[in-house]
$ cat upload-v7.tsv   # TSV, C-alpha atoms and all ligand atoms
chain	number	residue	atom	x	y	z
A	25	MET	CA	0.00	0.00	0.00
A	26	ALA	CA	1.39	3.44	-0.97
A	27	GLU	CA	2.36	5.69	1.94
A	28	ARG	CA	-0.48	8.11	2.65
A	29	LYS	CA	0.00	11.84	2.17
A	30	ALA	CA	-0.76	14.45	4.82
A	31	SER	CA	-4.47	15.23	4.99
A	32	ARG	CA	-5.74	18.17	2.91
A	33	THR	CA	-9.15	18.10	4.59
A	34	ALA	CA	-7.31	18.85	7.87
A	35	VAL	CA	-6.01	22.03	6.23
A	36	LEU	CA	-9.46	22.94	4.88
A	37	VAL	CA	-11.11	22.72	8.32
A	38	CYS	CA	-8.22	24.62	9.91
A	39	GLN	CA	-8.76	27.34	7.30
A	40	GLY	CA	-12.47	27.26	8.21
A	41	ARG	CA	-11.63	27.95	11.87
A	42	ALA	CA	-9.25	30.74	10.84
A	43	VAL	CA	-12.00	32.37	8.75
A	44	ALA	CA	-14.48	32.07	11.63
A	45	ASP	CA	-12.16	33.40	14.36
A	46	GLY	CA	-13.47	36.73	15.62
A	47	ARG	CA	-16.25	36.76	13.00
A	48	LEU	CA	-18.67	33.93	13.79
A	49	ALA	CA	-20.23	33.03	17.16
A	50	VAL	CA	-18.07	35.73	18.74
A	51	GLY	CA	-17.73	35.21	22.48
A	52	ARG	CA	-18.39	31.47	22.11
A	53	PHE	CA	-15.97	30.46	19.35
A	54	SER	CA	-12.31	31.35	19.22
A	55	ASP	CA	-9.31	29.70	17.56
A	56	PRO	CA	-6.50	32.24	17.16
A	57	ILE	CA	-3.96	29.44	16.66
A	58	ALA	CA	-5.59	28.19	13.44
A	59	ILE	CA	-4.16	30.95	11.23
A	60	GLU	CA	-0.68	30.34	12.60
A	61	LEU	CA	-0.76	26.70	11.49
A	62	LEU	CA	-1.33	27.64	7.85
A	63	THR	CA	1.16	28.29	5.05
A	64	ALA	CA	1.24	31.65	3.23
A	65	PRO	CA	-0.95	30.53	0.27
A	66	GLU	CA	-3.41	28.89	2.69
A	67	ARG	CA	-3.58	32.12	4.72
A	68	GLU	CA	-4.19	34.12	1.58
A	69	MET	CA	-7.36	32.11	0.88
A	70	VAL	CA	-8.44	32.77	4.49
A	71	GLY	CA	-7.88	36.49	3.99
A	72	THR	CA	-10.08	36.51	0.89
A	73	ALA	CA	-12.90	34.66	2.68
A	74	ARG	CA	-12.63	36.99	5.70
A	75	SER	CA	-12.78	40.06	3.46
A	76	GLY	CA	-16.37	39.19	2.52
A	77	VAL	CA	-15.68	40.37	-1.02
A	78	MET	CA	-16.50	37.67	-3.57
A	79	PRO	CA	-13.47	37.24	-5.87
A	80	SER	CA	-13.89	37.18	-9.63
A	81	GLY	CA	-13.49	34.00	-11.66
A	82	PHE	CA	-15.44	30.76	-11.31
A	83	GLY	CA	-12.70	28.76	-9.53
A	84	ALA	CA	-11.89	31.50	-7.02
A	85	ARG	CA	-15.58	31.99	-6.27
A	86	LEU	CA	-16.04	28.29	-5.71
A	87	GLU	CA	-13.13	28.19	-3.24
A	88	TYR	CA	-14.48	31.28	-1.51
A	89	GLU	CA	-17.93	29.66	-1.13
A	90	LEU	CA	-16.45	26.38	0.10
A	91	LEU	CA	-14.37	28.16	2.72
A	92	LYS	CA	-17.26	30.34	3.90
A	93	GLY	CA	-19.49	27.26	4.25
A	94	THR	CA	-16.71	25.38	6.05
A	95	SER	CA	-16.21	28.28	8.48
A	96	GLU	CA	-19.89	28.21	9.46
A	97	ILE	CA	-19.84	24.48	10.07
A	98	LEU	CA	-16.56	24.65	11.96
A	99	ALA	CA	-17.61	27.45	14.31
A	100	ALA	CA	-20.72	25.50	15.36
A	101	ARG	CA	-18.92	22.17	15.60
A	102	THR	CA	-16.04	23.57	17.65
A	103	VAL	CA	-18.33	25.28	20.17
A	104	ALA	CA	-20.46	22.13	20.55
A	105	ILE	CA	-17.38	19.99	21.23
A	106	ASP	CA	-15.47	22.47	23.42
A	107	ASP	CA	-18.49	22.86	25.71
A	108	VAL	CA	-18.76	19.14	26.41
A	109	VAL	CA	-14.98	18.77	26.87
A	110	ARG	CA	-15.00	21.54	29.52
A	111	ASP	CA	-18.01	20.02	31.19
A	112	ARG	CA	-16.04	16.90	32.23
A	113	GLY	CA	-12.53	18.27	32.86
A	114	HIS	CA	-10.94	14.83	32.58
A	115	PRO	CA	-7.23	14.22	33.23
A	116	GLN	CA	-6.80	12.61	29.78
A	117	LEU	CA	-7.98	13.79	26.38
A	118	VAL	CA	-7.49	11.61	23.31
A	119	ILE	CA	-8.06	13.30	19.94
A	120	LEU	CA	-8.66	10.70	17.24
A	121	GLY	CA	-7.62	11.98	13.80
A	122	ALA	CA	-6.38	15.25	15.32
A	123	GLY	CA	-5.34	17.00	12.11
A	124	LEU	CA	-4.59	20.65	12.89
A	125	ASP	CA	-6.81	20.68	16.00
A	126	ALA	CA	-5.34	23.34	18.31
A	127	ARG	CA	-7.24	22.52	21.51
A	128	ALA	CA	-4.08	21.55	23.40
A	129	TRP	CA	-2.59	24.94	22.47
A	130	ARG	CA	-5.63	27.15	23.00
A	131	MET	CA	-7.79	25.69	25.81
A	132	LYS	CA	-6.62	26.81	29.25
A	133	GLU	CA	-9.07	24.30	30.75
A	134	LEU	CA	-6.63	21.57	29.64
A	135	ALA	CA	-3.85	22.92	31.89
A	136	GLU	CA	-3.91	19.76	33.99
A	137	ALA	CA	-4.76	17.32	31.23
A	138	THR	CA	-2.52	14.99	29.25
A	139	VAL	CA	-3.49	15.11	25.59
A	140	TYR	CA	-2.87	12.22	23.18
A	141	GLU	CA	-3.06	13.26	19.55
A	142	ILE	CA	-3.73	10.34	17.21
A	143	ASP	CA	-3.36	10.76	13.47
A	144	GLN	CA	-2.03	8.98	10.44
A	145	PRO	CA	1.77	9.45	10.34
A	146	ALA	CA	2.08	11.91	7.41
A	147	SER	CA	-0.61	14.24	8.75
A	148	GLN	CA	0.92	14.18	12.21
A	149	GLN	CA	4.44	14.85	10.94
A	150	GLU	CA	3.18	17.84	8.96
A	151	LYS	CA	1.36	19.20	12.00
A	152	ARG	CA	4.52	18.96	14.11
A	153	GLU	CA	6.41	20.95	11.48
A	154	ARG	CA	3.68	23.57	11.37
A	155	LEU	CA	3.65	23.85	15.19
A	156	GLY	CA	7.41	24.30	15.45
A	157	ASP	CA	8.35	24.89	19.09
A	158	ARG	CA	4.99	26.35	20.17
A	159	ALA	CA	4.33	25.31	23.79
A	160	PRO	CA	0.94	23.76	24.59
A	161	LEU	CA	-1.40	25.02	27.30
A	162	ALA	CA	-2.16	21.39	28.17
A	163	ALA	CA	0.03	19.75	30.82
A	164	ALA	CA	1.50	17.42	28.17
A	165	VAL	CA	0.91	16.46	24.55
A	166	HIS	CA	1.86	13.05	23.18
A	167	PHE	CA	1.86	12.58	19.41
A	168	VAL	CA	0.83	9.02	18.61
A	169	PRO	CA	1.01	8.04	14.91
A	170	VAL	CA	-1.74	5.55	14.06
A	171	ASP	CA	-3.49	4.69	10.82
A	172	PHE	CA	-6.89	3.34	11.85
A	173	ALA	CA	-6.91	1.24	8.67
A	174	LYS	CA	-3.84	-0.79	9.58
A	175	ASP	CA	-2.32	-0.03	13.00
A	176	SER	CA	-3.33	-1.11	16.50
A	177	LEU	CA	-4.72	1.93	18.29
A	178	GLY	CA	-4.77	0.07	21.62
A	179	THR	CA	-1.09	-0.92	21.48
A	180	ALA	CA	-0.05	2.59	20.43
A	181	LEU	CA	-2.05	4.22	23.23
A	182	GLU	CA	-0.60	1.90	25.84
A	183	ALA	CA	2.95	2.52	24.58
A	184	ALA	CA	2.35	6.29	24.78
A	185	GLY	CA	1.33	6.01	28.46
A	186	HIS	CA	-2.46	6.33	28.25
A	187	ASP	CA	-3.99	5.05	31.52
A	188	ALA	CA	-7.15	3.03	30.93
A	189	THR	CA	-7.98	3.00	34.66
A	190	ILE	CA	-8.76	6.72	34.86
A	191	PRO	CA	-11.44	8.61	32.88
A	192	THR	CA	-10.71	9.84	29.38
A	193	THR	CA	-12.50	12.28	27.12
A	194	TRP	CA	-12.24	11.18	23.49
A	195	ILE	CA	-12.83	13.52	20.54
A	196	TRP	CA	-13.52	12.02	17.11
A	197	GLU	CA	-14.20	15.07	14.97
A	198	GLY	CA	-14.37	15.19	11.18
A	199	VAL	CA	-12.81	11.73	10.80
A	200	ILE	CA	-15.57	9.10	10.78
A	201	PRO	CA	-16.68	9.95	7.20
A	202	TYR	CA	-13.21	8.95	5.97
A	203	LEU	CA	-13.29	5.53	7.63
A	204	THR	CA	-15.16	2.42	6.52
A	205	PRO	CA	-17.96	1.16	8.79
A	206	ALA	CA	-15.67	-1.73	9.83
A	207	GLN	CA	-12.87	0.70	10.79
A	208	VAL	CA	-15.32	2.82	12.77
A	209	ALA	CA	-16.60	-0.27	14.60
A	210	ALA	CA	-13.08	-1.57	15.33
A	211	THR	CA	-11.90	1.83	16.62
A	212	THR	CA	-15.01	2.23	18.78
A	213	ALA	CA	-14.33	-1.18	20.33
A	214	VAL	CA	-10.76	-0.14	21.24
A	215	VAL	CA	-12.03	3.13	22.70
A	216	GLY	CA	-14.46	1.10	24.82
A	217	GLU	CA	-11.67	-1.21	26.04
A	218	HIS	CA	-9.56	1.79	27.12
A	219	SER	CA	-12.33	3.80	28.80
A	220	ALA	CA	-12.65	3.76	32.59
A	221	ALA	CA	-16.03	4.50	34.19
A	222	GLY	CA	-16.96	8.16	33.70
A	223	SER	CA	-15.27	8.42	30.28
A	224	ARG	CA	-16.88	10.42	27.50
A	225	LEU	CA	-16.71	9.96	23.72
A	226	ILE	CA	-17.61	12.94	21.52
A	227	LEU	CA	-18.26	12.07	17.89
A	228	ASN	CA	-18.90	14.16	14.83
A	229	TYR	CA	-20.46	12.14	12.03
A	230	ALA	CA	-22.20	12.55	8.68
A	231	THR	CA	-25.74	11.33	8.20
A	232	THR	CA	-27.08	9.31	5.31
A	233	SER	CA	-28.57	12.31	3.46
A	234	ARG	CA	-28.82	11.96	-0.35
A	235	LEU	CA	-28.92	15.71	-0.79
A	236	ASN	CA	-25.67	16.15	1.13
A	237	ALA	CA	-23.97	13.29	-0.74
A	238	PHE	CA	-25.00	14.94	-4.02
A	239	GLY	CA	-23.77	18.33	-2.76
A	240	ARG	CA	-20.35	16.96	-1.79
A	241	ARG	CA	-19.91	15.25	-5.18
A	242	ALA	CA	-21.03	18.34	-7.08
A	243	VAL	CA	-18.56	20.63	-5.29
A	244	GLN	CA	-15.68	18.25	-5.93
A	245	ARG	CA	-16.52	17.94	-9.64
A	246	LEU	CA	-16.81	21.70	-10.00
A	247	LEU	CA	-13.44	22.25	-8.27
A	248	THR	CA	-11.81	19.79	-10.67
A	249	LEU	CA	-13.52	21.37	-13.69
A	250	ALA	CA	-12.29	24.78	-12.58
A	251	GLY	CA	-8.72	23.45	-12.30
A	252	ARG	CA	-8.62	24.06	-8.54
A	253	ASP	CA	-7.22	21.80	-5.83
A	254	ASN	CA	-9.86	19.46	-4.49
A	255	PRO	CA	-9.02	18.99	-0.78
A	256	MET	CA	-11.20	15.86	-0.69
A	257	ALA	CA	-9.45	14.20	-3.68
A	258	ASN	CA	-7.34	11.77	-1.64
A	259	GLU	CA	-9.82	11.33	1.19
A	260	PRO	CA	-12.87	9.53	-0.15
A	261	PHE	CA	-16.10	9.60	1.79
A	262	ARG	CA	-16.51	6.11	3.27
A	263	SER	CA	-19.24	6.10	5.89
A	264	ALA	CA	-22.41	7.84	6.96
A	265	TRP	CA	-24.56	6.86	9.94
A	266	SER	CA	-28.06	7.25	11.25
A	267	PRO	CA	-28.34	8.32	14.91
A	268	GLU	CA	-29.95	4.93	15.69
A	269	THR	CA	-27.17	2.83	14.11
A	270	LEU	CA	-24.51	4.88	15.83
A	271	ARG	CA	-26.31	4.57	19.16
A	272	GLU	CA	-26.38	0.76	18.82
A	273	LEU	CA	-22.68	0.63	17.92
A	274	LEU	CA	-21.74	2.76	20.93
A	275	SER	CA	-23.90	0.80	23.32
A	276	ARG	CA	-22.02	-2.38	22.33
A	277	SER	CA	-18.88	-0.67	23.70
A	278	GLY	CA	-20.58	0.42	26.93
A	279	PHE	CA	-21.42	4.01	25.96
A	280	ASP	CA	-24.85	5.65	26.31
A	281	VAL	CA	-25.60	8.50	23.93
A	282	THR	CA	-26.70	11.46	26.07
A	283	VAL	CA	-26.74	14.11	23.33
A	284	ASP	CA	-27.17	13.82	19.55
A	285	VAL	CA	-27.67	17.12	17.78
A	286	GLY	CA	-27.44	18.46	14.24
A	287	LEU	CA	-24.90	21.21	13.66
A	288	LEU	CA	-27.46	23.40	11.89
A	289	ALA	CA	-29.43	23.41	15.16
A	290	VAL	CA	-26.25	24.29	17.09
A	291	ALA	CA	-25.60	27.15	14.66
A	292	HIS	CA	-29.18	28.35	15.10
A	293	ASP	CA	-28.75	28.37	18.91
A	294	LEU	CA	-25.58	30.43	18.43
A	295	ASP	CA	-27.60	32.96	16.40
A	296	MET	CA	-25.46	32.25	13.35
A	297	SER	CA	-27.25	32.80	10.07
A	298	ILE	CA	-26.39	29.78	7.97
A	299	ILE	CA	-26.40	30.26	4.24
A	300	GLU	CA	-28.12	27.83	1.86
A	301	ARG	CA	-24.88	26.36	0.49
A	302	THR	CA	-24.04	25.06	3.96
A	303	ARG	CA	-27.38	23.23	4.20
A	304	PHE	CA	-26.73	21.73	0.77
A	305	LEU	CA	-23.25	20.51	1.69
A	306	GLY	CA	-24.49	19.09	4.96
A	307	SER	CA	-23.05	19.82	8.31
A	308	GLY	CA	-23.26	16.55	10.19
A	309	ARG	CA	-24.14	15.83	13.78
A	310	ILE	CA	-22.44	15.69	17.15
A	311	ALA	CA	-23.10	12.80	19.52
A	312	VAL	CA	-21.92	12.71	23.12
A	313	ALA	CA	-21.71	9.24	24.62
A	314	ASP	CA	-20.93	8.60	28.29
A	315	ARG	CA	-19.92	5.51	30.20
A	316	ASP	CA	-21.22	5.02	33.75
B	1	LIG	C1	-11.09	16.59	8.16
B	1	LIG	S1	-9.64	16.20	9.02
B	1	LIG	C2	-10.20	16.52	10.68
B	1	LIG	C3	-9.07	16.90	11.58
B	1	LIG	C4	-9.49	17.35	12.98
B	1	LIG	N1	-10.16	16.32	13.71
B	1	LIG	C5	-10.35	18.60	12.91
B	1	LIG	O1	-11.56	18.49	13.05
B	1	LIG	O2	-9.76	19.66	12.69
B	1	LIG	C6	-9.56	14.43	8.95
B	1	LIG	C7	-8.42	13.83	9.78
B	1	LIG	O3	-8.61	12.42	9.85
B	1	LIG	C8	-7.35	11.82	9.69
B	1	LIG	N2	-7.55	10.45	9.18
B	1	LIG	C9	-8.29	10.10	8.09
B	1	LIG	N3	-8.19	8.77	7.91
B	1	LIG	C10	-7.40	8.29	8.90
B	1	LIG	C11	-6.91	7.00	9.24
B	1	LIG	N4	-7.21	5.91	8.51
B	1	LIG	N5	-6.10	6.88	10.32
B	1	LIG	C12	-5.77	7.97	11.06
B	1	LIG	N6	-6.19	9.21	10.79
B	1	LIG	C13	-7.00	9.37	9.72
B	1	LIG	C14	-6.62	12.70	8.72
B	1	LIG	O4	-5.22	12.50	8.77
B	1	LIG	C15	-7.06	14.09	9.20
B	1	LIG	O5	-6.19	14.59	10.18
$ encode --input "upload-v7.tsv" --output "C-alpha cells" --more "lines below"
Ligand SMILES: C[S@@+](CC[C@H](N)C(=O)[O-])C[C@H]1O[C@@H](n2cnc3c(N)ncnc32)[C@H](O)[C@@H]1O
Amino acid sequence: MAERKASRTAVLVCQGRAVADGRLAVGRFSDPIAIELLTAPEREMVGTARSGVMPSGFGARLEYELLKGTSEILAARTVAIDDVVRDRGHPQLVILGAGLDARAWRMKELAEATVYEIDQPASQQEKRERLGDRAPLAAAVHFVPVDFAKDSLGTALEAAGHDATIPTTWIWEGVIPYLTPAQVAATTAVVGEHSAAGSRLILNYATTSRLNAFGRRAVQRLLTLAGRDNPMANEPFRSAWSPETLRELLSRSGFDVTVDVGLLAVAHDLDMSIIERTRFLGSGRIAVADRD
C-alpha cells in the first residue's frame, strides 16, 4: 500500500476555523492558533474569505464559497465539542484523527490534562512541522502516529502512556466519514476497552442524506472542472450513519448516547445565520456518549 499523504481536509477545516475566528459566534468560538498553522498561500485564501468580497473568476468563487461554508460548520462544531470537553474536565484527552486541531494549544481548561493526539503518520508529521516549538497550554501532549486502517490503536495508546484505569474524554471530529464502517466499529471497540467508568466519547459524524452526498460530489466535480485543488481528492467519503445505528454501535462498547444534535441546530442556537450552500453541503451531527 502506498504511503499516505498528509491530509488536505485537515487544512481545509483549519482554514475554516481561521475564517471564523473573531467573526462567527463571537464570544463562544475562538481559535487564534488556526491561522498560525497555515502556510502563506493557505492564509491568503483565508484572507479573501474573511474580506467578505466575492473574488472574480469561477474557480476563485467556488473556493471562496467552500471556505465560507466550512467556516460556518466549523464554528458550530467547535463550540459544541469544546463545551462538552470543559463540562467533564478529565485528566486525559485523546483526539482521534487530530489533524490541525489546536485545543491543546488554545484551551486553558486543559492545563492539567494529558493530551494524546492520534493521526495517520504523514498528517501528524506535517502538524509537528507547522507547530514548530509552540508550547501547549495542556500539561503534556503526546503525538501518537496511528493509521486506523492498519495499525493497532490500543497498542499505540498503551505505549504512549495512556492510563485506561482513569477517565478519558475522546474527541472524534471530522474523521468518521473517511473511515469504513468496519474501521469505525473496530476503533469504537478499542475506545471502549480503554475507557474507565466516567469516560466520555464525543463524535462528529455525517448522516445518510442523499442531498448532502450529491452536494459533496457536485462541489468536488466543480473544483476539478475549474482546475482548482480538491481537498477531498485523496480522502474519499466512506461512511455515513443514522443516529440509531450509531447509538447501537456505541452501546455495544458500553457508551450511552446522552446528546445527539445536528450542527445546523447548534448554529441556530448560536444565532449564526447559515447560508443555503451550507445546508446543501451538509453539516453533520455531534453525539456525546458517556460511560457510567
Ligand atoms: C477533516 S480532518 C479533521 C481533523 C481534525 N479532527 C479537525 O476536526 O480539525 C480528517 C483527519 O482524519 C485523519 N484520518 C483520516 N483517515 C485516517 C486513518 N485511517 N487513520 C488515522 N487518521 C486518519 C486525517 O489525517 C485528518 O487529520
$ closest_atom_pairs --input "upload-v7.tsv" --of "region 91-114 of chain A" --to "region 221-234 of chain A" --cutoff "10 Å" --atoms "only C-alpha atoms" --output "JSON lines"
{"residue": "A:Arg101", "atom": "CA", "partner": "A:Asn228", "partner_atom": "CA", "distance": 8.0}
{"residue": "A:Ala104", "atom": "CA", "partner": "A:Ile226", "partner_atom": "CA", "distance": 9.7}
{"residue": "A:Ile105", "atom": "CA", "partner": "A:Ile226", "partner_atom": "CA", "distance": 7.1}
{"residue": "A:Asp106", "atom": "CA", "partner": "A:Ile226", "partner_atom": "CA", "distance": 10.0}
{"residue": "A:Val108", "atom": "CA", "partner": "A:Ile226", "partner_atom": "CA", "distance": 8.0}
{"residue": "A:Val109", "atom": "CA", "partner": "A:Ile226", "partner_atom": "CA", "distance": 8.3}
{"residue": "A:Arg112", "atom": "CA", "partner": "A:Arg224", "partner_atom": "CA", "distance": 8.1}
{"residue": "A:His114", "atom": "CA", "partner": "A:Ser223", "partner_atom": "CA", "distance": 8.1}
$ closest_residue --input "upload-v7.tsv" --among "A:Gln39, A:Leu91, A:Gly113, A:Ala64" --to "Gly76 (chain A)" --atoms "all atoms listed in the file"
A:Leu91
$ closest_residue --input "upload-v7.tsv" --among "A:Arg67, A:His218, A:Lys174, A:His292" --to "ligand LIG 1 (chain B)" --atoms "only C-alpha atoms and all ligand atoms"
A:Lys174
$ closest_residue --input "upload-v7.tsv" --among "A:Glu217, A:Glu150, A:Glu136, A:Asp125" --to "ligand LIG 1 (chain B)" --atoms "all atoms listed in the file"
A:Asp125
$ closest_residue --input "upload-v7.tsv" --among "A:Ile97, A:Val214, A:Val50, A:Ala209" --to "Leu36 (chain A)" --atoms "only C-alpha atoms"
A:Ile97
$ closest_atom_pairs --input "upload-v7.tsv" --of "chain A" --to "ligand LIG 1 (chain B)" --cutoff "7 Å" --atoms "all atoms listed in the file" --output "CSV"
residue,atom,partner,partner_atom,distance
A:Ala30,CA,B:LIG1,O4,6.3
A:Ser31,CA,B:LIG1,O4,4.7
A:Thr33,CA,B:LIG1,C1,4.3
A:Ala34,CA,B:LIG1,S1,3.7
A:Val37,CA,B:LIG1,O2,5.5
A:Cys38,CA,B:LIG1,O2,5.9
A:Leu120,CA,B:LIG1,N1,6.8
A:Gly121,CA,B:LIG1,O3,4.1
A:Ala122,CA,B:LIG1,N1,4.2
A:Gly123,CA,B:LIG1,O5,3.2
A:Leu124,CA,B:LIG1,O2,5.3
A:Asp125,CA,B:LIG1,O2,4.5
A:Ile142,CA,B:LIG1,C12,6.9
A:Asp143,CA,B:LIG1,N6,4.2
A:Gln144,CA,B:LIG1,C12,3.9
A:Ser147,CA,B:LIG1,O4,4.9
A:Val170,CA,B:LIG1,C12,5.6
A:Asp171,CA,B:LIG1,N5,3.4
A:Phe172,CA,B:LIG1,N5,3.9
A:Ala173,CA,B:LIG1,N4,4.7
A:Trp196,CA,B:LIG1,N1,6.4
A:Glu197,CA,B:LIG1,N1,4.4
A:Gly198,CA,B:LIG1,C2,4.4
A:Val199,CA,B:LIG1,O3,4.4
A:Tyr202,CA,B:LIG1,N3,5.4
A:Leu203,CA,B:LIG1,N3,6.0
$ axis_aligned_box --input "upload-v7.tsv" --around "region 66-73 of chain A" --padding-each-side "3 Å" --output "AutoDock Vina command-line options"
--center_x -8.2 --center_y 32.7 --center_z 2.8 --size_x 15.5 --size_y 13.6 --size_z 9.8
$ decode --input "upload-v7.tsv" --residues "region 205-230 of chain A" --atoms "C-alpha atoms" --output "short mmCIF file (atom, residue, chain, number, x, y, z; two decimals), in the first residue's frame"
data_model
loop_
_atom_site.label_atom_id
_atom_site.label_comp_id
_atom_site.auth_asym_id
_atom_site.auth_seq_id
_atom_site.Cartn_x
_atom_site.Cartn_y
_atom_site.Cartn_z
CA PRO A 205 -17.96 1.16 8.79
CA ALA A 206 -15.67 -1.73 9.83
CA GLN A 207 -12.87 0.70 10.79
CA VAL A 208 -15.32 2.82 12.77
CA ALA A 209 -16.60 -0.27 14.60
CA ALA A 210 -13.08 -1.57 15.33
CA THR A 211 -11.90 1.83 16.62
CA THR A 212 -15.01 2.23 18.78
CA ALA A 213 -14.33 -1.18 20.33
CA VAL A 214 -10.76 -0.14 21.24
CA VAL A 215 -12.03 3.13 22.70
CA GLY A 216 -14.46 1.10 24.82
CA GLU A 217 -11.67 -1.21 26.04
CA HIS A 218 -9.56 1.79 27.12
CA SER A 219 -12.33 3.80 28.80
CA ALA A 220 -12.65 3.76 32.59
CA ALA A 221 -16.03 4.50 34.19
CA GLY A 222 -16.96 8.16 33.70
CA SER A 223 -15.27 8.42 30.28
CA ARG A 224 -16.88 10.42 27.50
CA LEU A 225 -16.71 9.96 23.72
CA ILE A 226 -17.61 12.94 21.52
CA LEU A 227 -18.26 12.07 17.89
CA ASN A 228 -18.90 14.16 14.83
CA TYR A 229 -20.46 12.14 12.03
CA ALA A 230 -22.20 12.55 8.68
#
